[in-house]
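S.K.: Below are the C-alpha cells for one structure; questions will follow.
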Amino acid sequence: MSAAAKTADFRAIIFDDGAIIANDGDYAHIGSDEQVLVVDSLATQRAEIDRLIPPVGEEIRDEPSRWVYYPWRRSIVRTLGPVGFRRLRLDRNRNKITEAEQHRLAALTVSVIGLSVGHAVAFALAQEGLCGSLRLADHDELDVSNLNRVPATLLDAGASKTVLLARRIAEIDPDMAIELFDEGATEENIGRLVDGADLVVDECDALDIKFLLRFRAKERATPVLMQTSDGGILDVERFDLEPERALFHGLVDVPDVATLAGLSNADKVPLIMAILEVDQVTARMGASLIELDDQVTTWPQLASDVALGAGMVSAAVRRWGLGQTLPSGRLRLDLDEALSTIEAPEKPPLVVEPAATQVAAVGQPLLAPLEAALLDAAQRAPSGGNSQPWAFEVDEESFHIFLDPDRSSGIDIGQRGSYLALGAALYNVEVAAAASGRSGTATIPISTLSSEQRAGAAPVCSLKLGSTIDPDLADLVDLIPERCCTRTNGPSGPLSDDWMRSATATAQTADADICFLTGEAKDAAAEIWASADRIRLLNTTLHAEMMSELRWPGDDLTTGIDIRTLELDALDLSVLSLIRRPDVMSELSGWDGGAKLGDSTKDLIGAAHALAVITAPNASDGGFVGGGRIVEQFWLDATKNGVGLHPLSPLFLYALTPDDLTGILPAREASEMWDLRIAFTELCGFPADQPIALTMRATTYQGSAIRSLREPATTRQKVSNS
C-alpha cells in the first residue's frame, strides 16, 4: 500500500463513549485540539430511534454511545452504539430488505475491481448494507475528467480513488471493514482479491486483469458480476454453480492468461468487441469508438449510466446473498431505448359513481306468474360471497332447491355455508308462497345429506305448495327486495333492547339462539376477527378464493361482491388493490407480518353497535339448512325494524372440530384458528363446538346505494322422483 493510503487517511477511528481523549498517543490531541470539529448529535439519533416501528429493545436503548473520529476532516462525531446505529441507518430499507435479511447480507465480503463504475457500485453496496466487508482495487488517482461520473470534487483531484471511496463509505458506515488495493488488481494480488470473497465485481479496464480474475474465480468457485454502463449490461457468471462455465459466456476463447501476454493492443480489440457484442452497442457508443484517438479521448461514460449500473449490481448482490434466483447470463436494461417506448398508463376503474339504486336481477320471464315470483324470491336470498350455490326446480305443486357443489370454497367448511344459503332461499320461497295464497309445508333434511343431495342430483329442501295465506309470512314479502347488506362504516346508535330480546326469543322457538355482543365483548371479538382475517389473507389458496369473490367495474357483476357495495373511500380502495395482489401477500407471509390486514374488519365491528351471533339448531347438515331459514327470518325482521346487518365470516365460523381446519391450513395456523374459535365462543358463552350459522354487524344504518346482483333466475328440468 502506498503512503497516500495510510490507515489514518481512510479509516474512521472509533472511541468508547466519553473517551474523546484516547490513550493512543497518535490521537491524544483530539480532545484538546480547538481545530477539531466536535459534532454531538446523539440526542437527535436517540429521538429518531425512539420513533422506529416496532420499538427497539432495551438492549439497544442501553447500548453505550461512541465517538467516531475522521482524520481527513478533523472532525469527531458522537453516535449510537454499533447495533443501534446500524438499526437506525438501515431502517428505511425495511421491508424491501427485512431486518433478518439485513443481518444475513452483513456477512458478505465483496471485492470491487475498478473504481469509476466501481465507485458507485461499492458505495451503493455499503449504503444499502449489502455486505459487511469490501475490498477495493484501483491504481489510479482521481482526474478532473472523472468528475462527470465519480461523486467527488475538485478538492479531491489527484487523490487515490481507493482512499476517496473508502472515506465516503466510512462517513456513512464507520463499521464497514475495508481493505484497499491502491496498486489495483495485479497478477501478484489477484489471489487476495478473490480468495475468501463471496462475490467479485469486475469494473476494471484492463483485458488481462478481466481474464486473470475469472481464471482465479473459476478455481475458487466464486461468482463474478460485471456491469457495462453502455446499454445497461449486467453480466453474471456463476462459477460457484458452474465451475466449468466458459469465461464471458463463451463469447471469446482464451485458454489462459499467457495467450493474452503475446497480443498487442490492436490484437485485443477484437476480443473486447466480441465481449461487448459489437452489434449490440448503442449507436452513440459505436460512433464514439470510431472517433477514438481522433475526436474522442477515450470511450464515454455517463453518470446516469453509472448510477443505473450500481443499482443493477446491488440488486444482483442482494439476490445472490439472500439465496434468490440469479442465473448466469447477460441482462440488458437500456433506459434510453426504454424511454422511447414510454406511454401513458391506463387509469384503473377503482372509483365508479354509484347508480341511485340497483336491485337484484329477477331473471328471465316464466310462463306462470307464481313460478316467477317464487324464483325471484329464492334468487334474492343471501349467500357467502354472493356465490349463489343453488339450483331450483319449480312447478304449480312444489319448489325444490338443489345444492350446486361447484360453488363451494375453502371457508365453506363441510359446505355448511352453502346449506345455510339454501335454507335462506327456502324461507324466501315460503314468504312468497304465503303472499300468493299458497302457503305450504317445508321439508328440510333431518341430519346428514345423502350422496345424491351432496352431488346436486336430489333436492336438499323443498316447499310443497298449499292453498292458504299465512298473514305473518305474507307481511314480509315486500321486505325481500329491500333486504340488503349494510356495509356502511360509521358510528352506530344504540339498537332497541326490545327488538334484540324479541329477535332472540324468535330464534329460540326454532331451537336456535342469538347472542348480541356489545361493548368490551364486541371489541374483543373484533381483535379475534382481525387475527382470523390475517391468517386467511396470508394463505395462498384462501387469499385467491377471497379475492375471486370481488367484482370490479367491467367484471360480470351477477355473482360475487361488487366492490362498490363495500362503500370504500379512495384510500381503502388503494389498500385493497395491494391486498388483492398475491405477491404482496406472499412477501408478508414470508416475514410473518401483516398485523394490519385485519384492521378494516376490526374498524367495521368497532363502529357497529353490536355483533349478532346466530346459532344453528344443531351441527348436522339439516341443522345448517334450518339455520339459514332462521338467518333470513332475522334479517327480514331487522330490515322491518330499521336495523342494518352485515355478515362477517371468519374462517373458523363453520369449523366444529380442530380437524375441520386441518388440510385447509398448515398445522400451526390451523391450531391458531381453532384457538380463535374457542376464544370467540367463550365470549358468547357457547361451547367450543357450538354450530354457528352466521355472525353479523348490527347497526342503526340501513340500506345501500348499490345492491349485489344475481344471475338470471331459472328453473332446471324436473327431476324424476323415482
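Identifiers for the C-alpha cells are assigned positionally: chains receive A, B, ... in sequence, residues are indexed from 1 per chain, and ligands are indexed from 1 in the order shown.
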Do you know which residues are at most 9 Å from Thr504 in chain A counting only C-alpha atoms, after dropping those on the same chain fewer than 5 positions away, and could you put them as JSON, numbers by chain?
M.R.: {"A": [499, 509, 512, 513, 514, 515, 516, 614]}
S.K.: Could you pull out the helix (DSSP H, G or I) residues of range 280-505 of chain A from DSSP and send them as a PyMOL selection string?
M.R.: chain A and resi 280+283-290+303-321+335-339+369-379+384-386+405-407+413-435+451-455+471-474+477-479+497-505
S.K.: Write out as a PDB file with all heavy atoms, in the first residue's frame each polymer residue whose atoms come within 12 Å of Glu587 in chain A, counting only C-alpha atoms; drop sequence neighbours fewer than 4 positions from it.
M.R.:
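Final file, result.pdb:
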```pdb
ATOM      1  N   ASN A  95     -39.465  -2.864   4.348  1.00  0.00           N
ATOM      2  CA  ASN A  95     -39.133  -4.276   4.322  1.00  0.00           C
ATOM      3  C   ASN A  95     -38.775  -4.724   2.906  1.00  0.00           C
ATOM      4  O   ASN A  95     -38.938  -5.903   2.573  1.00  0.00           O
ATOM      5  CB  ASN A  95     -40.307  -5.111   4.832  1.00  0.00           C
ATOM      6  CG  ASN A  95     -40.286  -5.319   6.326  1.00  0.00           C
ATOM      7  OD1 ASN A  95     -39.227  -5.413   6.916  1.00  0.00           O
ATOM      8  ND2 ASN A  95     -41.447  -5.391   6.940  1.00  0.00           N
ATOM      9  N   LYS A  96     -38.287  -3.778   2.098  1.00  0.00           N
ATOM     10  CA  LYS A  96     -37.711  -4.236   0.841  1.00  0.00           C
ATOM     11  C   LYS A  96     -36.507  -5.106   1.140  1.00  0.00           C
ATOM     12  O   LYS A  96     -36.179  -6.021   0.378  1.00  0.00           O
ATOM     13  CB  LYS A  96     -37.340  -3.052  -0.047  1.00  0.00           C
ATOM     14  CG  LYS A  96     -38.555  -2.252  -0.518  1.00  0.00           C
ATOM     15  CD  LYS A  96     -38.218  -1.313  -1.642  1.00  0.00           C
ATOM     16  CE  LYS A  96     -38.071  -2.071  -2.957  1.00  0.00           C
ATOM     17  NZ  LYS A  96     -37.898  -1.147  -4.100  1.00  0.00           N
ATOM     18  N   ILE A  97     -35.854  -4.817   2.255  1.00  0.00           N
ATOM     19  CA  ILE A  97     -34.895  -5.738   2.849  1.00  0.00           C
ATOM     20  C   ILE A  97     -35.309  -5.870   4.304  1.00  0.00           C
ATOM     21  O   ILE A  97     -35.353  -4.883   5.033  1.00  0.00           O
ATOM     22  CB  ILE A  97     -33.446  -5.217   2.762  1.00  0.00           C
ATOM     23  CG1 ILE A  97     -33.065  -4.867   1.325  1.00  0.00           C
ATOM     24  CG2 ILE A  97     -32.478  -6.243   3.329  1.00  0.00           C
ATOM     25  CD1 ILE A  97     -31.703  -4.197   1.205  1.00  0.00           C
ATOM     26  N   THR A  98     -35.653  -7.074   4.733  1.00  0.00           N
ATOM     27  CA  THR A  98     -36.084  -7.249   6.111  1.00  0.00           C
ATOM     28  C   THR A  98     -34.887  -7.169   7.047  1.00  0.00           C
ATOM     29  O   THR A  98     -33.731  -7.277   6.621  1.00  0.00           O
ATOM     30  CB  THR A  98     -36.786  -8.599   6.316  1.00  0.00           C
ATOM     31  OG1 THR A  98     -35.825  -9.649   6.156  1.00  0.00           O
ATOM     32  CG2 THR A  98     -37.919  -8.786   5.315  1.00  0.00           C
ATOM     33  N   LEU A 537     -55.836 -14.236   4.810  1.00  0.00           N
ATOM     34  CA  LEU A 537     -55.263 -13.480   3.700  1.00  0.00           C
ATOM     35  C   LEU A 537     -53.843 -13.915   3.364  1.00  0.00           C
ATOM     36  O   LEU A 537     -53.399 -13.779   2.214  1.00  0.00           O
ATOM     37  CB  LEU A 537     -55.295 -11.987   4.016  1.00  0.00           C
ATOM     38  CG  LEU A 537     -56.660 -11.323   3.913  1.00  0.00           C
ATOM     39  CD1 LEU A 537     -56.632  -9.943   4.564  1.00  0.00           C
ATOM     40  CD2 LEU A 537     -57.098 -11.205   2.457  1.00  0.00           C
ATOM     41  N   LEU A 538     -53.122 -14.434   4.352  1.00  0.00           N
ATOM     42  CA  LEU A 538     -51.741 -14.846   4.102  1.00  0.00           C
ATOM     43  C   LEU A 538     -51.637 -16.278   3.593  1.00  0.00           C
ATOM     44  O   LEU A 538     -50.549 -16.733   3.259  1.00  0.00           O
ATOM     45  CB  LEU A 538     -50.907 -14.695   5.383  1.00  0.00           C
ATOM     46  CG  LEU A 538     -50.694 -13.259   5.867  1.00  0.00           C
ATOM     47  CD1 LEU A 538     -49.830 -13.236   7.115  1.00  0.00           C
ATOM     48  CD2 LEU A 538     -50.072 -12.389   4.773  1.00  0.00           C
ATOM     49  N   ASN A 539     -52.761 -16.974   3.509  1.00  0.00           N
ATOM     50  CA  ASN A 539     -52.780 -18.315   2.930  1.00  0.00           C
ATOM     51  C   ASN A 539     -53.051 -18.199   1.433  1.00  0.00           C
ATOM     52  O   ASN A 539     -54.049 -17.601   1.016  1.00  0.00           O
ATOM     53  CB  ASN A 539     -53.860 -19.159   3.609  1.00  0.00           C
ATOM     54  CG  ASN A 539     -53.929 -20.568   3.060  1.00  0.00           C
ATOM     55  OD1 ASN A 539     -54.564 -20.804   2.031  1.00  0.00           O
ATOM     56  ND2 ASN A 539     -53.283 -21.495   3.739  1.00  0.00           N
ATOM     57  N   THR A 540     -52.170 -18.767   0.624  1.00  0.00           N
ATOM     58  CA  THR A 540     -52.243 -18.564  -0.827  1.00  0.00           C
ATOM     59  C   THR A 540     -53.593 -18.961  -1.401  1.00  0.00           C
ATOM     60  O   THR A 540     -54.223 -18.204  -2.151  1.00  0.00           O
ATOM     61  CB  THR A 540     -51.126 -19.366  -1.528  1.00  0.00           C
ATOM     62  OG1 THR A 540     -49.865 -18.941  -1.013  1.00  0.00           O
ATOM     63  CG2 THR A 540     -51.170 -19.141  -3.027  1.00  0.00           C
ATOM     64  N   LEU A 578     -53.683  -3.346  -3.123  1.00  0.00           N
ATOM     65  CA  LEU A 578     -52.456  -4.017  -2.681  1.00  0.00           C
ATOM     66  C   LEU A 578     -52.771  -5.384  -2.082  1.00  0.00           C
ATOM     67  O   LEU A 578     -52.096  -6.376  -2.372  1.00  0.00           O
ATOM     68  CB  LEU A 578     -51.728  -3.161  -1.655  1.00  0.00           C
ATOM     69  CG  LEU A 578     -50.984  -1.932  -2.176  1.00  0.00           C
ATOM     70  CD1 LEU A 578     -50.401  -1.145  -0.998  1.00  0.00           C
ATOM     71  CD2 LEU A 578     -49.866  -2.336  -3.134  1.00  0.00           C
ATOM     72  N   ILE A 579     -53.809  -5.425  -1.248  1.00  0.00           N
ATOM     73  CA  ILE A 579     -54.148  -6.675  -0.572  1.00  0.00           C
ATOM     74  C   ILE A 579     -54.537  -7.756  -1.573  1.00  0.00           C
ATOM     75  O   ILE A 579     -54.251  -8.942  -1.353  1.00  0.00           O
ATOM     76  CB  ILE A 579     -55.285  -6.432   0.442  1.00  0.00           C
ATOM     77  CG1 ILE A 579     -54.759  -5.609   1.622  1.00  0.00           C
ATOM     78  CG2 ILE A 579     -55.889  -7.739   0.935  1.00  0.00           C
ATOM     79  CD1 ILE A 579     -55.820  -5.219   2.629  1.00  0.00           C
ATOM     80  N   ARG A 581     -53.202  -8.463  -4.305  1.00  0.00           N
ATOM     81  CA  ARG A 581     -52.052  -8.988  -5.037  1.00  0.00           C
ATOM     82  C   ARG A 581     -51.423 -10.165  -4.291  1.00  0.00           C
ATOM     83  O   ARG A 581     -50.951 -10.010  -3.162  1.00  0.00           O
ATOM     84  CB  ARG A 581     -51.011  -7.894  -5.250  1.00  0.00           C
ATOM     85  CG  ARG A 581     -51.418  -6.847  -6.255  1.00  0.00           C
ATOM     86  CD  ARG A 581     -50.381  -5.754  -6.373  1.00  0.00           C
ATOM     87  NE  ARG A 581     -49.027  -6.276  -6.537  1.00  0.00           N
ATOM     88  CZ  ARG A 581     -47.946  -5.499  -6.625  1.00  0.00           C
ATOM     89  NH1 ARG A 581     -48.078  -4.178  -6.572  1.00  0.00           N
ATOM     90  NH2 ARG A 581     -46.757  -6.027  -6.767  1.00  0.00           N
ATOM     91  N   PRO A 582     -51.384 -11.338  -4.903  1.00  0.00           N
ATOM     92  CA  PRO A 582     -50.799 -12.499  -4.212  1.00  0.00           C
ATOM     93  C   PRO A 582     -49.317 -12.335  -3.919  1.00  0.00           C
ATOM     94  O   PRO A 582     -48.819 -12.871  -2.927  1.00  0.00           O
ATOM     95  CB  PRO A 582     -51.065 -13.661  -5.183  1.00  0.00           C
ATOM     96  CG  PRO A 582     -51.337 -13.027  -6.507  1.00  0.00           C
ATOM     97  CD  PRO A 582     -51.947 -11.699  -6.217  1.00  0.00           C
ATOM     98  N   ASP A 583     -48.581 -11.598  -4.761  1.00  0.00           N
ATOM     99  CA  ASP A 583     -47.154 -11.431  -4.499  1.00  0.00           C
ATOM    100  C   ASP A 583     -46.921 -10.594  -3.247  1.00  0.00           C
ATOM    101  O   ASP A 583     -45.985 -10.850  -2.471  1.00  0.00           O
ATOM    102  CB  ASP A 583     -46.441 -10.809  -5.707  1.00  0.00           C
ATOM    103  CG  ASP A 583     -47.020  -9.460  -6.118  1.00  0.00           C
ATOM    104  OD1 ASP A 583     -48.198  -9.186  -5.805  1.00  0.00           O
ATOM    105  OD2 ASP A 583     -46.305  -8.679  -6.771  1.00  0.00           O
ATOM    106  N   TRP A 591     -42.460 -12.833   5.888  1.00  0.00           N
ATOM    107  CA  TRP A 591     -41.945 -12.042   7.010  1.00  0.00           C
ATOM    108  C   TRP A 591     -42.685 -12.337   8.312  1.00  0.00           C
ATOM    109  O   TRP A 591     -42.344 -11.779   9.351  1.00  0.00           O
ATOM    110  CB  TRP A 591     -42.097 -10.542   6.731  1.00  0.00           C
ATOM    111  CG  TRP A 591     -41.460 -10.069   5.484  1.00  0.00           C
ATOM    112  CD1 TRP A 591     -40.433 -10.661   4.798  1.00  0.00           C
ATOM    113  CD2 TRP A 591     -41.804  -8.889   4.748  1.00  0.00           C
ATOM    114  NE1 TRP A 591     -40.125  -9.926   3.684  1.00  0.00           N
ATOM    115  CE2 TRP A 591     -40.947  -8.829   3.629  1.00  0.00           C
ATOM    116  CE3 TRP A 591     -42.739  -7.881   4.926  1.00  0.00           C
ATOM    117  CZ2 TRP A 591     -41.007  -7.802   2.690  1.00  0.00           C
ATOM    118  CZ3 TRP A 591     -42.803  -6.855   3.997  1.00  0.00           C
ATOM    119  CH2 TRP A 591     -41.935  -6.819   2.895  1.00  0.00           C
ATOM    120  N   ASP A 592     -43.730 -13.183   8.228  1.00  0.00           N
ATOM    121  CA  ASP A 592     -44.637 -13.373   9.359  1.00  0.00           C
ATOM    122  C   ASP A 592     -45.207 -12.023   9.781  1.00  0.00           C
ATOM    123  O   ASP A 592     -45.340 -11.706  10.964  1.00  0.00           O
ATOM    124  CB  ASP A 592     -43.927 -14.046  10.539  1.00  0.00           C
ATOM    125  CG  ASP A 592     -44.913 -14.607  11.568  1.00  0.00           C
ATOM    126  OD1 ASP A 592     -46.068 -14.872  11.188  1.00  0.00           O
ATOM    127  OD2 ASP A 592     -44.534 -14.762  12.738  1.00  0.00           O
ATOM    128  N   GLY A 593     -45.547 -11.220   8.775  1.00  0.00           N
ATOM    129  CA  GLY A 593     -46.058  -9.876   9.027  1.00  0.00           C
ATOM    130  C   GLY A 593     -47.552  -9.794   8.784  1.00  0.00           C
ATOM    131  O   GLY A 593     -48.282 -10.775   8.934  1.00  0.00           O
ATOM    132  N   GLY A 594     -48.013  -8.611   8.380  1.00  0.00           N
ATOM    133  CA  GLY A 594     -49.412  -8.419   8.042  1.00  0.00           C
ATOM    134  C   GLY A 594     -50.329  -8.210   9.229  1.00  0.00           C
ATOM    135  O   GLY A 594     -51.525  -8.498   9.145  1.00  0.00           O
TER     136      GLY A 594
END
```
S.K.: At what distance in Å, to one decimal, does CA of Leu683 in chain A lie from CA of Tyr419 in chain A?
M.R.: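 Interatomic distance here is 25.7 Å.
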S.K.: Taking only C-alpha atoms into account, name the residue in A:Pro471, A:Pro658, A:Pro71, A:Pro687 that is nearest to Gly437 in chain A.
M.R.: A:Pro471
S.K.: By how many Å are CA of Ala432 in chain A and CA of Arg407 in chain A apart?
M.R.: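 Atom-to-atom, CA of Ala432 in chain A to CA of Arg407 in chain A, that is 25.3 Å.
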S.K.: Please list as a ChimeraX atom specification every residue within 10 Å of range 319-329 of chain A, counting only C-alpha atoms and excluding residues in the same chain fewer than 5 positions away.
M.R.: /A:97,101-102,104-108,130-131,198-199,223-225,234-239,241-242,245,248-249,313-314
S.K.: How would the residues just chosen look if you wrote them out with N, CA and C atoms as a JSON list (two decimals), in the first residue's frame?
M.R.:
```
[["chain", "number", "residue", "atom", "x", "y", "z"],
["A", 97, "ILE", "N", -35.85, -4.82, 2.25],
["A", 97, "ILE", "CA", -34.90, -5.74, 2.85],
["A", 97, "ILE", "C", -35.31, -5.87, 4.30],
["A", 101, "GLU", "N", -32.91, -10.31, 6.81],
["A", 101, "GLU", "CA", -32.12, -10.35, 5.59],
["A", 101, "GLU", "C", -30.91, -9.42, 5.69],
["A", 102, "GLN", "N", -31.11, -8.28, 6.36],
["A", 102, "GLN", "CA", -30.01, -7.34, 6.52],
["A", 102, "GLN", "C", -28.86, -7.97, 7.31],
["A", 104, "ARG", "N", -28.19, -11.13, 7.43],
["A", 104, "ARG", "CA", -27.59, -12.15, 6.57],
["A", 104, "ARG", "C", -26.62, -11.53, 5.56],
["A", 105, "LEU", "N", -27.02, -10.41, 4.99],
["A", 105, "LEU", "CA", -26.18, -9.75, 3.99],
["A", 105, "LEU", "C", -24.92, -9.17, 4.62],
["A", 106, "ALA", "N", -25.00, -8.81, 5.89],
["A", 106, "ALA", "CA", -23.85, -8.19, 6.56],
["A", 106, "ALA", "C", -22.66, -9.13, 6.66],
["A", 107, "ALA", "N", -22.88, -10.42, 6.42],
["A", 107, "ALA", "CA", -21.79, -11.39, 6.50],
["A", 107, "ALA", "C", -20.99, -11.49, 5.20],
["A", 108, "LEU", "N", -21.44, -10.81, 4.14],
["A", 108, "LEU", "CA", -20.80, -10.95, 2.83],
["A", 108, "LEU", "C", -19.53, -10.11, 2.73],
["A", 130, "LEU", "N", -25.42, -4.12, 2.05],
["A", 130, "LEU", "CA", -25.47, -5.41, 1.36],
["A", 130, "LEU", "C", -24.25, -6.27, 1.61],
["A", 131, "CYS", "N", -23.31, -5.77, 2.38],
["A", 131, "CYS", "CA", -22.13, -6.56, 2.74],
["A", 131, "CYS", "C", -21.57, -5.99, 4.03],
["A", 198, "ASP", "N", -16.98, -13.42, -1.27],
["A", 198, "ASP", "CA", -18.21, -14.11, -1.67],
["A", 198, "ASP", "C", -18.56, -13.82, -3.11],
["A", 199, "LEU", "N", -18.31, -12.61, -3.55],
["A", 199, "LEU", "CA", -18.52, -12.21, -4.94],
["A", 199, "LEU", "C", -17.41, -11.26, -5.34],
["A", 223, "PRO", "N", -18.52, -16.40, -7.78],
["A", 223, "PRO", "CA", -19.27, -15.73, -8.84],
["A", 223, "PRO", "C", -18.68, -14.37, -9.17],
["A", 224, "VAL", "N", -18.81, -13.99, -10.45],
["A", 224, "VAL", "CA", -18.31, -12.70, -10.93],
["A", 224, "VAL", "C", -19.46, -11.92, -11.54],
["A", 225, "LEU", "N", -19.56, -10.64, -11.16],
["A", 225, "LEU", "CA", -20.54, -9.73, -11.74],
["A", 225, "LEU", "C", -19.79, -8.64, -12.50],
["A", 234, "LEU", "N", -25.62, -6.09, -17.64],
["A", 234, "LEU", "CA", -25.17, -6.78, -16.43],
["A", 234, "LEU", "C", -24.81, -8.20, -16.81],
["A", 235, "ASP", "N", -23.57, -8.59, -16.51],
["A", 235, "ASP", "CA", -23.13, -9.97, -16.75],
["A", 235, "ASP", "C", -23.01, -10.69, -15.42],
["A", 236, "VAL", "N", -23.54, -11.88, -15.38],
["A", 236, "VAL", "CA", -23.47, -12.73, -14.19],
["A", 236, "VAL", "C", -22.82, -14.04, -14.61],
["A", 237, "GLU", "N", -21.72, -14.38, -13.94],
["A", 237, "GLU", "CA", -21.03, -15.65, -14.21],
["A", 237, "GLU", "C", -20.96, -16.43, -12.91],
["A", 238, "ARG", "N", -21.81, -17.45, -12.82],
["A", 238, "ARG", "CA", -21.96, -18.22, -11.59],
["A", 238, "ARG", "C", -20.97, -19.38, -11.55],
["A", 239, "PHE", "N", -19.70, -19.05, -11.36],
["A", 239, "PHE", "CA", -18.70, -20.11, -11.26],
["A", 239, "PHE", "C", -18.90, -20.95, -10.00],
["A", 241, "LEU", "N", -21.76, -22.18, -9.16],
["A", 241, "LEU", "CA", -22.69, -23.24, -9.58],
["A", 241, "LEU", "C", -22.19, -23.99, -10.80],
["A", 242, "GLU", "N", -21.41, -23.32, -11.63],
["A", 242, "GLU", "CA", -20.95, -23.90, -12.90],
["A", 242, "GLU", "C", -19.43, -23.76, -12.99],
["A", 245, "ARG", "N", -17.91, -23.44, -16.39],
["A", 245, "ARG", "CA", -18.52, -22.46, -17.30],
["A", 245, "ARG", "C", -17.44, -21.70, -18.06],
["A", 248, "PHE", "N", -16.80, -15.29, -19.88],
["A", 248, "PHE", "CA", -17.56, -14.33, -20.71],
["A", 248, "PHE", "C", -18.62, -15.04, -21.55],
["A", 249, "HIS", "N", -19.27, -16.05, -20.95],
["A", 249, "HIS", "CA", -20.37, -16.77, -21.60],
["A", 249, "HIS", "C", -19.93, -17.48, -22.88],
["A", 313, "VAL", "N", -26.05, -3.93, -10.16],
["A", 313, "VAL", "CA", -25.14, -4.81, -9.43],
["A", 313, "VAL", "C", -25.64, -5.00, -8.00],
["A", 314, "SER", "N", -26.11, -3.94, -7.37],
["A", 314, "SER", "CA", -26.62, -4.06, -6.00],
["A", 314, "SER", "C", -27.78, -5.04, -5.93]]
```
S.K.: Taking only C-alpha atoms into account, which of A:Ser145, A:Thr488, A:Thr615, A:Ser600 comes nearest His646 in chain A?
M.R.: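 Checking each of A:Ser145, A:Thr488, A:Thr615, A:Ser600 against His646 in chain A, counting only C-alpha atoms, the winner is A:Thr488.
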S.K.: Which of these residues is nearest to Pro459 in chain A, using only C-alpha atoms: A:Met500, A:Ala505, A:Ala510, A:Leu403?
M.R.: A:Leu403
S.K.: Between A:Ile535, A:Leu289, A:Ala457, A:Thr559, which has the minimum distance to Leu588 in chain A (counting only C-alpha atoms)?
M.R.: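 Of A:Ile535, A:Leu289, A:Ala457, A:Thr559, the one nearest Leu588 in chain A is A:Ile535, counting only C-alpha atoms.
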S.K.: Report as an mmCIF file with C-alpha atoms, in the first residue's frame all protein, DNA and RNA residues lying within 7 Å of range 676-678 of chain A, evaluated on only C-alpha atoms, omitting residues in the same chain fewer than 4 positions from it.
M.R.:
```cif
data_model
loop_
_atom_site.group_PDB
_atom_site.id
_atom_site.type_symbol
_atom_site.label_atom_id
_atom_site.label_comp_id
_atom_site.auth_asym_id
_atom_site.auth_seq_id
_atom_site.Cartn_x
_atom_site.Cartn_y
_atom_site.Cartn_z
ATOM 1 C CA ILE A 528 -60.304 -12.136 17.122
ATOM 2 C CA PHE A 652 -63.319 -20.657 11.821
ATOM 3 C CA GLU A 672 -54.183 -20.765 15.913
ATOM 4 C CA GLU A 682 -66.218 -18.141 25.195
ATOM 5 C CA ALA A 688 -66.278 -24.524 21.564
#
```
S.K.: Report the distance between CA of Asp267 in chain A and CA of Pro255 in chain A in Å, rounded to one decimal place.
M.R.: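 Taking CA of Asp267 in chain A and CA of Pro255 in chain A, their separation equals 15.7 Å.
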S.K.: Env of Asp202 in chain A: 12 Å cut, atoms = only C-alpha atoms, seq-sep filter 6 positions within chain, self excluded. Answer as a ChimeraX atom specification.
M.R.: /A:110-119,121-122,135-138,184-185,190,193-194,209-214,217,223-228,234-237,248,309,313
S.K.: Pick the closest to Glu711 in chain A from A:Glu343, A:Asp556, A:Asp253, A:Asp305: which is it, counting only C-alpha atoms?
M.R.: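 Closest to Glu711 in chain A, using only C-alpha atoms: A:Asp556.
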S.K.: Taking only range 550-708 of chain A into account, list the residues labelled strand (DSSP E) by DSSP (computed from the backbone), as a list in words.
M.R.: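 The residues of range 550-708 of chain A classed as strand (DSSP E) are Leu550, Arg551, Ile561, Asp562, Ala610, Leu611, Ala612, Val613, Ile614, Thr615, Gly644, Leu645, His646, Pro647, Ile692, Ala693, Leu694, Thr695, Met696, Arg697, Ala698 and Thr699 of chain A.
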S.K.: Write the residues you've just listed into a file as a compact mmCIF listing (two decimals), in the first residue's frame, and include N, CA and C atoms for each of them.
M.R.:
```txt
# COMPACT_ATOMS: atom_id res chain seq x y z
N LEU A 550 -64.52 -10.83 -5.28
CA LEU A 550 -64.71 -9.41 -5.54
C LEU A 550 -64.92 -9.16 -7.02
N ARG A 551 -65.81 -8.25 -7.34
CA ARG A 551 -66.08 -7.88 -8.72
C ARG A 551 -65.79 -6.39 -8.88
N ILE A 561 -69.10 -10.14 -5.18
CA ILE A 561 -69.40 -8.90 -4.45
C ILE A 561 -68.86 -7.72 -5.25
N ASP A 562 -69.75 -6.88 -5.72
CA ASP A 562 -69.39 -5.65 -6.41
C ASP A 562 -68.65 -4.76 -5.40
N ALA A 610 -73.50 -3.64 17.74
CA ALA A 610 -73.43 -5.00 18.27
C ALA A 610 -72.96 -5.95 17.18
N LEU A 611 -72.44 -7.07 17.62
CA LEU A 611 -72.15 -8.18 16.73
C LEU A 611 -73.16 -9.26 17.07
N ALA A 612 -74.03 -9.56 16.10
CA ALA A 612 -75.08 -10.56 16.32
C ALA A 612 -74.55 -11.94 15.93
N VAL A 613 -74.67 -12.88 16.82
CA VAL A 613 -74.20 -14.25 16.57
C VAL A 613 -75.41 -15.17 16.59
N ILE A 614 -75.68 -15.82 15.46
CA ILE A 614 -76.86 -16.66 15.31
C ILE A 614 -76.41 -18.11 15.24
N THR A 615 -76.93 -18.95 16.07
CA THR A 615 -76.54 -20.36 16.07
C THR A 615 -77.47 -21.16 15.16
N GLY A 644 -79.59 -2.30 10.22
CA GLY A 644 -78.74 -2.74 9.12
C GLY A 644 -77.86 -3.89 9.55
N LEU A 645 -77.75 -4.92 8.72
CA LEU A 645 -76.94 -6.10 9.03
C LEU A 645 -75.87 -6.31 7.96
N HIS A 646 -74.74 -6.79 8.40
CA HIS A 646 -73.60 -7.02 7.51
C HIS A 646 -72.89 -8.29 7.98
N PRO A 647 -73.02 -9.40 7.22
CA PRO A 647 -72.35 -10.64 7.63
C PRO A 647 -70.84 -10.50 7.58
N ILE A 692 -72.44 -22.49 14.64
CA ILE A 692 -72.81 -21.09 14.42
C ILE A 692 -73.27 -20.93 12.98
N ALA A 693 -74.45 -20.35 12.80
CA ALA A 693 -74.97 -20.14 11.46
C ALA A 693 -74.34 -18.91 10.81
N LEU A 694 -74.30 -17.79 11.53
CA LEU A 694 -73.76 -16.57 10.93
C LEU A 694 -73.47 -15.55 12.03
N THR A 695 -72.51 -14.68 11.75
CA THR A 695 -72.22 -13.54 12.61
C THR A 695 -72.40 -12.29 11.77
N MET A 696 -73.03 -11.25 12.35
CA MET A 696 -73.39 -10.08 11.57
C MET A 696 -73.20 -8.80 12.39
N ARG A 697 -72.64 -7.78 11.75
CA ARG A 697 -72.65 -6.45 12.35
C ARG A 697 -74.09 -5.94 12.38
N ALA A 698 -74.49 -5.36 13.47
CA ALA A 698 -75.82 -4.79 13.58
C ALA A 698 -75.68 -3.30 13.89
N THR A 699 -76.27 -2.46 13.03
CA THR A 699 -76.13 -1.01 13.15
C THR A 699 -77.46 -0.32 12.95
```
